[in-house]
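S.K.: Here you go, coords10.pdb (PDB, C-alpha atoms and all ligand atoms):
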MODEL        1
ATOM      1  CA  MET A   1      26.158-145.919-204.381
ATOM      2  CA  ARG A   2      27.355-142.558-205.629
ATOM      3  CA  VAL A   3      30.887-142.098-204.279
ATOM      4  CA  LEU A   4      33.380-139.250-204.182
ATOM      5  CA  ILE A   5      37.014-140.291-204.510
ATOM      6  CA  THR A   6      39.586-137.574-203.837
ATOM      7  CA  GLY A   7      43.014-138.162-205.355
ATOM      8  CA  ALA A   8      41.235-140.029-208.153
ATOM      9  CA  ALA A   9      44.055-139.516-210.665
ATOM     10  CA  GLY A  10      46.664-140.968-208.342
ATOM     11  CA  PHE A  11      48.014-144.492-208.143
ATOM     12  CA  LEU A  12      45.538-145.839-205.578
ATOM     13  CA  GLY A  13      42.726-143.410-206.359
ATOM     14  CA  SER A  14      42.560-144.482-209.996
ATOM     15  CA  HIS A  15      42.442-148.184-209.099
ATOM     16  CA  LEU A  16      39.677-147.416-206.606
ATOM     17  CA  CYS A  17      37.671-145.644-209.330
ATOM     18  CA  ASP A  18      37.973-148.780-211.480
ATOM     19  CA  ARG A  19      36.857-151.013-208.630
ATOM     20  CA  PHE A  20      33.799-148.969-207.675
ATOM     21  CA  LEU A  21      32.735-148.663-211.306
ATOM     22  CA  ALA A  22      33.183-152.426-211.785
ATOM     23  CA  GLU A  23      30.873-152.989-208.802
ATOM     24  CA  GLY A  24      28.195-150.886-210.510
ATOM     25  CA  HIS A  25      28.553-147.684-208.499
ATOM     26  CA  GLN A  26      28.720-144.109-209.751
ATOM     27  CA  VAL A  27      32.041-142.370-209.155
ATOM     28  CA  ILE A  28      32.964-138.707-208.953
ATOM     29  CA  GLY A  29      36.731-138.421-209.154
ATOM     30  CA  MET A  30      38.405-135.298-207.818
ATOM     31  CA  ASP A  31      42.069-134.360-208.142
ATOM     32  CA  ASN A  32      44.167-131.214-208.550
ATOM     33  CA  LEU A  33      46.749-133.208-210.554
ATOM     34  CA  LEU A  34      49.649-131.990-208.369
ATOM     35  CA  THR A  35      51.169-135.476-208.204
ATOM     36  CA  GLY A  36      48.407-137.481-209.904
ATOM     37  CA  SER A  37      48.141-137.937-213.660
ATOM     38  CA  ILE A  38      45.101-137.701-215.896
ATOM     39  CA  ASP A  39      46.562-140.633-217.857
ATOM     40  CA  ASN A  40      45.619-142.889-214.932
ATOM     41  CA  ILE A  41      41.918-142.228-215.546
ATOM     42  CA  ALA A  42      41.958-141.478-219.286
ATOM     43  CA  HIS A  43      40.361-144.868-219.960
ATOM     44  CA  LEU A  44      37.298-143.748-217.966
ATOM     45  CA  ALA A  45      36.488-140.848-220.288
ATOM     46  CA  GLY A  46      33.081-141.534-221.780
ATOM     47  CA  ASN A  47      32.002-143.838-218.965
ATOM     48  CA  GLN A  48      28.552-142.541-218.013
ATOM     49  CA  ASP A  49      28.996-143.553-214.393
ATOM     50  CA  PHE A  50      32.213-141.579-214.016
ATOM     51  CA  SER A  51      32.820-137.862-213.830
ATOM     52  CA  PHE A  52      35.999-135.961-213.083
ATOM     53  CA  ILE A  53      36.323-132.640-211.311
ATOM     54  CA  LYS A  54      39.688-130.895-211.251
ATOM     55  CA  HIS A  55      39.709-129.345-207.809
ATOM     56  CA  ASP A  56      42.111-128.800-204.937
ATOM     57  CA  VAL A  57      40.343-130.266-201.901
ATOM     58  CA  THR A  58      42.129-127.886-199.560
ATOM     59  CA  ASN A  59      39.488-125.441-200.853
ATOM     60  CA  TYR A  60      35.789-125.813-200.055
ATOM     61  CA  ILE A  61      34.162-128.717-201.914
ATOM     62  CA  TYR A  62      30.755-128.028-203.402
ATOM     63  CA  LEU A  63      28.919-131.039-204.822
ATOM     64  CA  PRO A  64      25.215-131.072-205.691
ATOM     65  CA  GLY A  65      23.138-134.221-205.197
ATOM     66  CA  GLN A  66      23.371-137.272-203.058
ATOM     67  CA  ILE A  67      26.705-138.858-202.067
ATOM     68  CA  ASN A  68      26.817-142.192-200.220
ATOM     69  CA  ALA A  69      30.528-142.491-199.575
ATOM     70  CA  VAL A  70      33.613-140.278-199.567
ATOM     71  CA  LEU A  71      37.031-141.903-199.950
ATOM     72  CA  HIS A  72      39.748-139.375-199.169
ATOM     73  CA  PHE A  73      42.891-140.422-201.032
ATOM     74  CA  ALA A  74      44.239-137.034-202.062
ATOM     75  CA  SER A  75      47.821-136.440-200.902
ATOM     76  CA  PRO A  76      51.371-136.508-202.145
ATOM     77  CA  ALA A  77      52.483-139.933-200.903
ATOM     78  CA  SER A  78      56.080-140.598-201.860
ATOM     79  CA  PRO A  79      58.954-139.156-199.831
ATOM     80  CA  ILE A  80      60.330-137.074-202.716
ATOM     81  CA  ASP A  81      56.849-135.737-203.487
ATOM     82  CA  TYR A  82      56.103-134.654-199.967
ATOM     83  CA  LEU A  83      59.570-133.175-199.605
ATOM     84  CA  MET A  84      58.934-131.180-202.786
ATOM     85  CA  TYR A  85      55.443-130.129-201.639
ATOM     86  CA  PRO A  86      55.668-130.002-197.843
ATOM     87  CA  ILE A  87      53.055-127.301-197.324
ATOM     88  CA  GLN A  88      50.573-128.806-199.812
ATOM     89  CA  THR A  89      51.055-132.148-198.022
ATOM     90  CA  LEU A  90      50.224-130.610-194.658
ATOM     91  CA  LYS A  91      47.288-128.705-196.129
ATOM     92  CA  VAL A  92      45.690-131.677-197.878
ATOM     93  CA  GLY A  93      45.981-133.801-194.723
ATOM     94  CA  ALA A  94      44.520-131.054-192.564
ATOM     95  CA  LEU A  95      42.267-128.735-194.607
ATOM     96  CA  GLY A  96      41.547-131.354-197.273
ATOM     97  CA  THR A  97      40.473-133.926-194.707
ATOM     98  CA  HIS A  98      38.308-131.317-192.985
ATOM     99  CA  ASN A  99      36.574-130.430-196.257
ATOM    100  CA  ALA A 100      36.110-134.080-197.264
ATOM    101  CA  LEU A 101      34.642-134.849-193.827
ATOM    102  CA  GLY A 102      32.388-131.828-194.255
ATOM    103  CA  VAL A 103      30.968-133.347-197.451
ATOM    104  CA  ALA A 104      30.382-136.672-195.673
ATOM    105  CA  LYS A 105      28.620-134.929-192.775
ATOM    106  CA  ASP A 106      26.464-132.797-195.051
ATOM    107  CA  LYS A 107      25.432-135.750-197.250
ATOM    108  CA  GLY A 108      25.120-138.342-194.471
ATOM    109  CA  ALA A 109      27.795-140.336-196.324
ATOM    110  CA  ARG A 110      30.260-142.912-195.103
ATOM    111  CA  PHE A 111      33.848-141.630-194.987
ATOM    112  CA  LEU A 112      37.087-143.531-195.480
ATOM    113  CA  LEU A 113      40.466-141.951-194.798
ATOM    114  CA  ALA A 114      43.580-143.193-196.587
ATOM    115  CA  SER A 115      46.009-143.115-193.682
ATOM    116  CA  THR A 116      49.435-144.685-193.628
ATOM    117  CA  SER A 117      51.988-146.821-191.840
ATOM    118  CA  GLU A 118      53.916-143.547-191.518
ATOM    119  CA  VAL A 119      51.746-142.747-188.491
ATOM    120  CA  TYR A 120      53.997-145.286-186.723
ATOM    121  CA  GLY A 121      57.108-143.288-187.738
ATOM    122  CA  ASP A 122      60.382-145.172-187.234
ATOM    123  CA  PRO A 123      58.711-147.866-185.142
ATOM    124  CA  LEU A 124      60.069-149.193-181.862
ATOM    125  CA  VAL A 125      57.512-152.024-181.877
ATOM    126  CA  HIS A 126      57.602-154.798-184.460
ATOM    127  CA  PRO A 127      55.413-155.743-186.274
ATOM    128  CA  GLN A 128      53.118-152.721-185.980
ATOM    129  CA  ALA A 129      49.615-153.323-184.646
ATOM    130  CA  GLU A 130      46.991-150.575-184.646
ATOM    131  CA  SER A 131      47.398-150.167-180.875
ATOM    132  CA  TYR A 132      50.972-148.893-181.317
ATOM    133  CA  VAL A 133      51.015-145.084-181.026
ATOM    134  CA  GLY A 134      54.194-144.581-182.999
ATOM    135  CA  ASN A 135      57.577-142.876-182.910
ATOM    136  CA  VAL A 136      57.364-139.762-185.064
ATOM    137  CA  ASP A 137      59.712-136.790-185.350
ATOM    138  CA  ALA A 138      57.314-133.925-186.021
ATOM    139  CA  ILE A 139      60.019-131.599-187.352
ATOM    140  CA  GLY A 140      62.044-134.154-189.320
ATOM    141  CA  PRO A 141      61.835-134.233-193.139
ATOM    142  CA  ARG A 142      59.121-136.903-193.111
ATOM    143  CA  GLY A 143      57.136-135.067-190.413
ATOM    144  CA  VAL A 144      55.105-133.122-192.966
ATOM    145  CA  TYR A 145      53.474-136.326-194.189
ATOM    146  CA  ASP A 146      53.411-138.208-190.892
ATOM    147  CA  GLU A 147      51.849-135.364-188.936
ATOM    148  CA  ALA A 148      49.408-134.500-191.733
ATOM    149  CA  LYS A 149      48.104-138.051-191.646
ATOM    150  CA  ARG A 150      48.088-138.166-187.852
ATOM    151  CA  PHE A 151      46.078-134.939-187.824
ATOM    152  CA  ALA A 152      43.776-136.435-190.483
ATOM    153  CA  GLU A 153      43.161-139.463-188.252
ATOM    154  CA  ALA A 154      42.455-137.203-185.258
ATOM    155  CA  MET A 155      40.023-135.121-187.324
ATOM    156  CA  THR A 156      38.313-138.248-188.633
ATOM    157  CA  MET A 157      37.811-139.620-185.115
ATOM    158  CA  ALA A 158      36.525-136.205-183.974
ATOM    159  CA  TYR A 159      33.882-136.236-186.743
ATOM    160  CA  TYR A 160      32.972-139.778-185.771
ATOM    161  CA  ARG A 161      32.632-138.986-182.072
ATOM    162  CA  THR A 162      31.198-135.472-182.317
ATOM    163  CA  HIS A 163      29.135-135.478-185.517
ATOM    164  CA  HIS A 164      28.543-139.251-185.706
ATOM    165  CA  VAL A 165      29.866-139.463-189.264
ATOM    166  CA  ASP A 166      30.300-143.155-190.098
ATOM    167  CA  THR A 167      34.072-143.134-190.599
ATOM    168  CA  ARG A 168      36.782-145.653-191.510
ATOM    169  CA  ILE A 169      40.572-145.327-191.255
ATOM    170  CA  ALA A 170      42.809-147.498-193.439
ATOM    171  CA  ARG A 171      46.501-147.494-192.478
ATOM    172  CA  ILE A 172      48.092-148.337-195.798
ATOM    173  CA  PHE A 173      51.526-149.976-195.876
ATOM    174  CA  ASN A 174      53.919-149.911-198.854
ATOM    175  CA  THR A 175      51.897-150.717-201.969
ATOM    176  CA  TYR A 176      53.141-151.139-205.524
ATOM    177  CA  GLY A 177      51.817-151.911-208.971
ATOM    178  CA  PRO A 178      50.857-150.404-212.323
ATOM    179  CA  ARG A 179      50.156-146.626-212.401
ATOM    180  CA  MET A 180      52.860-145.714-209.924
ATOM    181  CA  ARG A 181      54.826-142.871-211.424
ATOM    182  CA  LEU A 182      58.186-144.046-212.726
ATOM    183  CA  ASP A 183      59.761-140.918-211.231
ATOM    184  CA  ASP A 184      57.883-140.819-207.918
ATOM    185  CA  GLY A 185      61.082-141.757-206.093
ATOM    186  CA  ARG A 186      59.750-144.776-204.282
ATOM    187  CA  VAL A 187      61.830-147.866-204.141
ATOM    188  CA  VAL A 188      59.821-150.117-206.464
ATOM    189  CA  PRO A 189      59.551-147.723-209.455
ATOM    190  CA  ASN A 190      63.129-146.505-208.893
ATOM    191  CA  PHE A 191      64.553-150.016-208.876
ATOM    192  CA  ILE A 192      62.481-151.294-211.814
ATOM    193  CA  GLY A 193      63.252-148.185-213.880
ATOM    194  CA  GLN A 194      66.956-148.533-213.157
ATOM    195  CA  ALA A 195      66.926-152.268-213.868
ATOM    196  CA  LEU A 196      65.131-151.812-217.207
ATOM    197  CA  ARG A 197      67.667-149.161-218.222
ATOM    198  CA  GLY A 198      70.502-151.518-217.266
ATOM    199  CA  GLU A 199      71.710-149.239-214.466
ATOM    200  CA  PRO A 200      72.809-150.247-210.971
ATOM    201  CA  LEU A 201      70.007-150.053-208.386
ATOM    202  CA  THR A 202      70.456-147.243-205.873
ATOM    203  CA  VAL A 203      70.272-148.810-202.410
ATOM    204  CA  TYR A 204      69.974-146.017-199.834
ATOM    205  CA  GLY A 205      71.946-146.657-196.643
ATOM    206  CA  ASP A 206      73.277-150.183-196.322
ATOM    207  CA  GLY A 207      70.011-151.737-197.532
ATOM    208  CA  SER A 208      69.366-153.512-194.223
ATOM    209  CA  GLN A 209      66.159-151.522-193.637
ATOM    210  CA  THR A 210      63.005-153.561-194.204
ATOM    211  CA  ARG A 211      59.654-152.976-195.883
ATOM    212  CA  SER A 212      56.662-155.235-196.572
ATOM    213  CA  PHE A 213      55.203-154.801-200.061
ATOM    214  CA  CYS A 214      51.542-155.222-200.960
ATOM    215  CA  TYR A 215      50.305-155.569-204.537
ATOM    216  CA  VAL A 216      47.738-152.969-205.521
ATOM    217  CA  SER A 217      44.849-155.384-206.232
ATOM    218  CA  ASP A 218      45.133-156.822-202.712
ATOM    219  CA  LEU A 219      45.167-153.345-201.231
ATOM    220  CA  ILE A 220      42.078-152.242-203.173
ATOM    221  CA  GLU A 221      40.199-155.355-202.040
ATOM    222  CA  GLY A 222      41.041-154.522-198.414
ATOM    223  CA  ILE A 223      39.879-150.917-198.813
ATOM    224  CA  TYR A 224      36.636-151.977-200.487
ATOM    225  CA  ARG A 225      35.874-154.424-197.686
ATOM    226  CA  LEU A 226      36.703-151.861-195.030
ATOM    227  CA  LEU A 227      34.271-149.347-196.491
ATOM    228  CA  LEU A 228      31.495-151.951-196.382
ATOM    229  CA  ALA A 229      32.406-153.238-192.907
ATOM    230  CA  ASP A 230      30.981-151.803-189.717
ATOM    231  CA  PHE A 231      34.212-150.742-188.017
ATOM    232  CA  ASN A 232      35.411-147.279-187.022
ATOM    233  CA  GLU A 233      38.858-147.885-185.522
ATOM    234  CA  PRO A 234      41.975-147.838-187.736
ATOM    235  CA  VAL A 235      42.776-151.001-189.709
ATOM    236  CA  ASN A 236      46.214-151.866-191.119
ATOM    237  CA  ILE A 237      46.043-152.874-194.779
ATOM    238  CA  GLY A 238      49.267-154.315-196.121
ATOM    239  CA  ASN A 239      51.210-157.452-196.821
ATOM    240  CA  PRO A 240      53.188-158.858-193.860
ATOM    241  CA  GLY A 241      55.854-160.355-196.160
ATOM    242  CA  GLU A 242      58.883-158.432-194.907
ATOM    243  CA  MET A 243      62.241-158.132-196.654
ATOM    244  CA  THR A 244      65.316-155.945-196.676
ATOM    245  CA  ILE A 245      65.748-153.330-199.392
ATOM    246  CA  ARG A 246      68.905-155.160-200.404
ATOM    247  CA  GLN A 247      66.872-158.370-200.948
ATOM    248  CA  LEU A 248      64.345-156.423-203.023
ATOM    249  CA  ALA A 249      67.162-155.029-205.186
ATOM    250  CA  ASP A 250      68.630-158.486-205.760
ATOM    251  CA  LEU A 251      65.202-159.901-206.659
ATOM    252  CA  ILE A 252      64.444-157.137-209.188
ATOM    253  CA  ASN A 253      67.879-157.499-210.783
ATOM    254  CA  GLU A 254      67.316-161.238-211.058
ATOM    255  CA  MET A 255      63.803-160.898-212.507
ATOM    256  CA  THR A 256      64.868-158.326-215.116
ATOM    257  CA  GLY A 257      68.208-159.950-215.905
ATOM    258  CA  ASN A 258      70.001-156.705-215.046
ATOM    259  CA  PRO A 259      73.755-157.336-214.837
ATOM    260  CA  ALA A 260      74.558-153.884-213.369
ATOM    261  CA  GLY A 261      74.075-154.891-209.717
ATOM    262  CA  ILE A 262      73.571-152.290-207.025
ATOM    263  CA  THR A 263      75.215-149.115-205.862
ATOM    264  CA  VAL A 264      75.121-148.264-202.176
ATOM    265  CA  ARG A 265      74.146-144.615-201.525
ATOM    266  CA  PRO A 266      74.315-143.854-197.777
ATOM    267  CA  ASP A 267      74.040-140.115-198.586
ATOM    268  CA  GLN A 268      70.571-140.550-200.109
ATOM    269  CA  ARG A 269      68.936-142.020-196.996
ATOM    270  CA  ILE A 270      66.812-139.292-195.439
ATOM    271  CA  LYS A 271      66.623-138.741-191.704
ATOM    272  CA  GLY A 272      63.876-140.754-190.037
ATOM    273  CA  ASP A 273      63.701-143.362-192.834
ATOM    274  CA  PRO A 274      62.169-146.251-190.840
ATOM    275  CA  GLN A 275      64.590-149.103-190.196
ATOM    276  CA  THR A 276      61.822-151.701-190.100
ATOM    277  CA  ARG A 277      58.198-151.877-191.177
ATOM    278  CA  GLN A 278      55.781-154.780-191.153
ATOM    279  CA  PRO A 279      52.022-154.679-190.675
ATOM    280  CA  ASP A 280      50.305-156.780-188.067
ATOM    281  CA  ILE A 281      47.102-157.607-189.975
ATOM    282  CA  THR A 282      45.367-159.592-187.247
ATOM    283  CA  ARG A 283      42.609-156.966-187.143
ATOM    284  CA  ALA A 284      42.075-156.919-190.917
ATOM    285  CA  ARG A 285      41.845-160.701-190.952
ATOM    286  CA  ALA A 286      39.266-160.701-188.139
ATOM    287  CA  VAL A 287      37.149-157.696-189.153
ATOM    288  CA  LEU A 288      37.350-157.888-192.944
ATOM    289  CA  GLY A 289      38.083-161.579-193.514
ATOM    290  CA  TRP A 290      40.873-160.213-195.701
ATOM    291  CA  GLU A 291      44.489-160.978-196.333
ATOM    292  CA  PRO A 292      46.711-160.401-199.352
ATOM    293  CA  CYS A 293      46.908-163.189-201.903
ATOM    294  CA  VAL A 294      49.263-161.920-204.646
ATOM    295  CA  GLY A 295      52.857-163.102-204.135
ATOM    296  CA  LEU A 296      55.712-160.634-204.504
ATOM    297  CA  GLU A 297      57.125-162.181-207.666
ATOM    298  CA  ASP A 298      53.721-162.239-209.382
ATOM    299  CA  GLY A 299      53.075-158.629-208.438
ATOM    300  CA  LEU A 300      56.540-157.500-209.482
ATOM    301  CA  ARG A 301      56.208-159.306-212.826
ATOM    302  CA  GLN A 302      53.043-157.322-213.631
ATOM    303  CA  THR A 303      54.638-154.091-212.454
ATOM    304  CA  ILE A 304      57.779-154.700-214.540
ATOM    305  CA  GLU A 305      55.584-155.253-217.612
ATOM    306  CA  TYR A 306      53.798-151.967-216.966
ATOM    307  CA  PHE A 307      57.052-150.037-216.605
ATOM    308  CA  ARG A 308      58.711-151.740-219.566
ATOM    309  CA  GLU A 309      56.465-149.756-221.918
ATOM    310  CA  ARG A 310      57.265-146.506-220.147
ATOM    311  CA  VAL A 311      61.026-146.542-219.623
TER     312      VAL A 311
HETATM  313  N1  LIG B 401      65.102-146.676-201.150
HETATM  314  C1  LIG B 401      66.269-147.129-201.731
HETATM  315  N2  LIG B 401      66.542-146.755-203.022
HETATM  316  C2  LIG B 401      65.707-145.999-203.766
HETATM  317  C3  LIG B 401      64.502-145.552-203.184
HETATM  318  C4  LIG B 401      64.222-145.906-201.869
HETATM  319  O1  LIG B 401      67.081-147.839-201.096
HETATM  320  O2  LIG B 401      66.044-145.727-204.935
HETATM  321  C5  LIG B 401      64.797-147.102-199.768
HETATM  322  C6  LIG B 401      64.385-145.965-198.850
HETATM  323  O3  LIG B 401      65.537-145.389-198.236
HETATM  324  C7  LIG B 401      63.523-146.688-197.855
HETATM  325  C8  LIG B 401      62.885-147.818-198.665
HETATM  326  O4  LIG B 401      63.682-147.948-199.832
HETATM  327  O5  LIG B 401      64.293-147.262-196.827
HETATM  328  C9  LIG B 401      61.444-147.535-199.074
HETATM  329  O6  LIG B 401      61.402-146.255-199.627
HETATM  330  P1  LIG B 401      60.123-145.638-200.341
HETATM  331  O7  LIG B 401      60.520-144.280-200.835
HETATM  332  O8  LIG B 401      59.605-146.590-201.339
HETATM  333  O9  LIG B 401      58.996-145.498-199.241
HETATM  334  P2  LIG B 401      58.931-145.401-197.643
HETATM  335  O10 LIG B 401      58.559-146.764-197.215
HETATM  336  O11 LIG B 401      60.271-145.008-197.092
HETATM  337  O12 LIG B 401      57.902-144.388-197.373
ENDMDL
END
Rewrite the structure from the file as structure tokens, please.
Ligand code: UDP

M.R.:
Amino acid sequence: MRVLITGAAGFLGSHLCDRFLAEGHQVIGMDNLLTGSIDNIAHLAGNQDFSFIKHDVTNYIYLPGQINAVLHFASPASPIDYLMYPIQTLKVGALGTHNALGVAKDKGARFLLASTSEVYGDPLVHPQAESYVGNVDAIGPRGVYDEAKRFAEAMTMAYYRTHHVDTRIARIFNTYGPRMRLDDGRVVPNFIGQALRGEPLTVYGDGSQTRSFCYVSDLIEGIYRLLLADFNEPVNIGNPGEMTIRQLADLINEMTGNPAGITVRPDQRIKGDPQTRQPDITRARAVLGWEPCVGLEDGLRQTIEYFRERV
């Protein structure tokens, strides 16, 4: 296949490039480098099956030649990034998705949207299955991301139903691993960075809120299988292992031998920060024969090693 990956210089996009290349496909990576980093794909320079185009996908995408699949991963994805770039976040979810779908329609390519557990908002149903329609505050601080992705899902389904583009929607839950930006503000890089510097870990709120963390290699496997599967409804991809943020802080302090403990920062918790989050992956198990296999401690160990060289 010849595939277009938008957001190719990002955390997930760059791992996807690696995976498709390893499977023998040709990859065109596209990114405007707003929140992505060229360092994430520097190792692909010189690979004859890879090319990079610096382009903002909110503008029309022109690509000559055949394309078999479009994977649309371009978007700011961490809360501090989308708070810093609220309009770009809305534009890439709306205009960027429209343009990426346009490429898929024009080329007769398969299309996969990187959607998110944020479409469920601060969920009132637990765990979250794909049938849950969510609890989102459109005008809250997280609304720019949540609504952009909800619009992107609506647009994707419209192209599927109206233009018969062969689409996929992956609802991605919290994922971590090498190539996250140390300063992207998310809990795993924040905590590991703080722990490696010997600082107390900043627990926002009282730390009783939960998340379920998936290691990047598991996530990429799920995405790859979804693209190849014959299934057009949304599929949750994530690890159901749920824990409180306080438990995560204690674990990272223990694993890094950080004596500084935690500091509780109720002021830093932004409005609408979900109190609970856990994927129901019944559908992924049935449709993709997939479930995560990397344990949290193994994944964190590899992530700590990656960050150790960068702190
Ligand atoms: N969080 C925290 N300390 C930090 C960063 C994040 O306690 O230094 C909390 C945040 O309030 C949220 C959870 O960790 O409840 C996960 O935050 P993240 O930004 O990783 O992603 P989210 O799942 O909220 O999109």

S.K.: What residues have any atom no more than 8 Å from ligand LIG 401 (chain B) when counting only C-alpha atoms and all ligand atoms, and can you list them as a ChimeraX atom specification?

M.R.: /A:77-80,118,173-174,185-188,190-191,201-205,207,209-211,245-246,265,268-270,273-275,277

S.K.: With distances taken over all atoms listed in the file, which of A:Asp81, A:Asp122, A:Ala94, A:Pro200 is nearest to Asn258 in chain A?

M.R.: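 Going through A:Asp81, A:Asp122, A:Ala94, A:Pro200 one by one, the smallest distance to Asn258 in chain A is for A:Pro200.
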
S.K.: List the residues matched by the PyMOL selection byres (((chain A and resi 132-148) around 10) and not hetatm) in the displayed structure as a ChimeraX atom specification, ordered by chain and then by residue number.

M.R.: /A:75-83,85-95,97,115-131,149-154,270-274

S.K.: Quick one, how far is CA of Ile53 in chain A from CA of Gly29 in chain A?

M.R.: 6.2 Å

S.K.: Check the smallest atom-to-atom distance from each of A:Asn68, A:Pro259, A:Gly238, A:Ile252 to Glu199 in chain A using all atoms listed in the file, then report the winner.

M.R.: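 Among A:Asn68, A:Pro259, A:Gly238, A:Ile252, it is A:Pro259 that comes nearest to Glu199 in chain A.
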
S.K.: Just say which residues the PyMOL selection byres (((chain A and resi 108) around 10) and not hetatm) picks in this file, as an MDAnalysis selection string.

M.R.: chainID A and resid 66:69 102:107 109:111 164:166

S.K.: Could you list, as a list in words, every residue matched by the PyMOL selection byres (((chain A and resi 51) around 6) and not hetatm) in this structure?

M.R.: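 Residues picked by the PyMOL selection byres (((chain A and resi 51) around 6) and not hetatm): Ile28, Phe50 and Phe52 of chain A.
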
S.K.: Any idea what's packed within 7 Å of Gly177 in chain A, counting all atoms listed in the file, ignoring anything in its chain fewer than 5 positions away? Could you give it as a list in words?

M.R.: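 In the requested form, the answer reads Tyr215, Val216, Gly299 and Thr303 of chain A.
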
S.K.: Using CA of Ile41 in chain A and CA of Arg2 in chain A as the two end points, give the distance in Å to one decimal.

M.R.: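 If I compute the distance from CA of Ile41 in chain A to CA of Arg2 in chain A, I get 17.6 Å.
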
S.K.: Given the choices A:Leu33, A:Ile192, A:Ile220, A:Met84, which gets closest to Leu16 in chain A if the distance is worked out from only C-alpha atoms?

M.R.: A:Ile220

S.K.: Counting only C-alpha atoms, what is within 10 Å of Ala100 in chain A, bar same-chain residues fewer than 6 positions away, as a list of chain:residue names?

M.R.: A:Leu4, A:Ile5, A:Thr6, A:Val57, A:Thr58, A:Asn59, A:Tyr60, A:Ile61, A:Val70, A:Leu71, A:His72, A:Ala74, A:Val92, A:Asp106, A:Phe111, A:Leu112, A:Leu113, A:Thr156

S.K.: Counting only C-alpha atoms, figure out which residue out of A:Asp218, A:Glu242, A:Asp56, A:Asp230 gets nearest to Gln278 in chain A.

M.R.: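 Looking only at the distances to Gln278 in chain A, the closest residue turns out to be A:Glu242.
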
S.K.: Provide the CA of Ile172 in chain A to CA of Asn236 in chain A distance in Å, to one decimal place.

M.R.: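 Taking CA of Ile172 in chain A and CA of Asn236 in chain A, their separation equals 6.2 Å.
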
S.K.: List every protein, DNA or RNA residue with an atom no more than 7 Å from (45.7, -145.9, -186.3) in the file's coordinates, counting all atoms listed in the file, and format the result as a PyMOL selection string.

M.R.: chain A and resi 130+171+234-235

S.K.: Once you add 8 Å to each side, what are the centre and edge lengths of the axis-aligned box holding all listed atoms of range 29-47 of chain A? One decimal in Å, as lines of an AutoDock Vina configuration file, if you can.

M.R.:
center_x = 41.6
center_y = -138.0
center_z = -214.8
size_x = 35.2
size_y = 29.7
size_z = 30.0

S.K.: Neighbours of Val287 in chain A within 12 Å (only C-alpha atoms; same-chain residues fewer than 2 positions away dropped), as a PyMOL selection string?

M.R.: chain A and resi 222+225-237+281-285+289-291
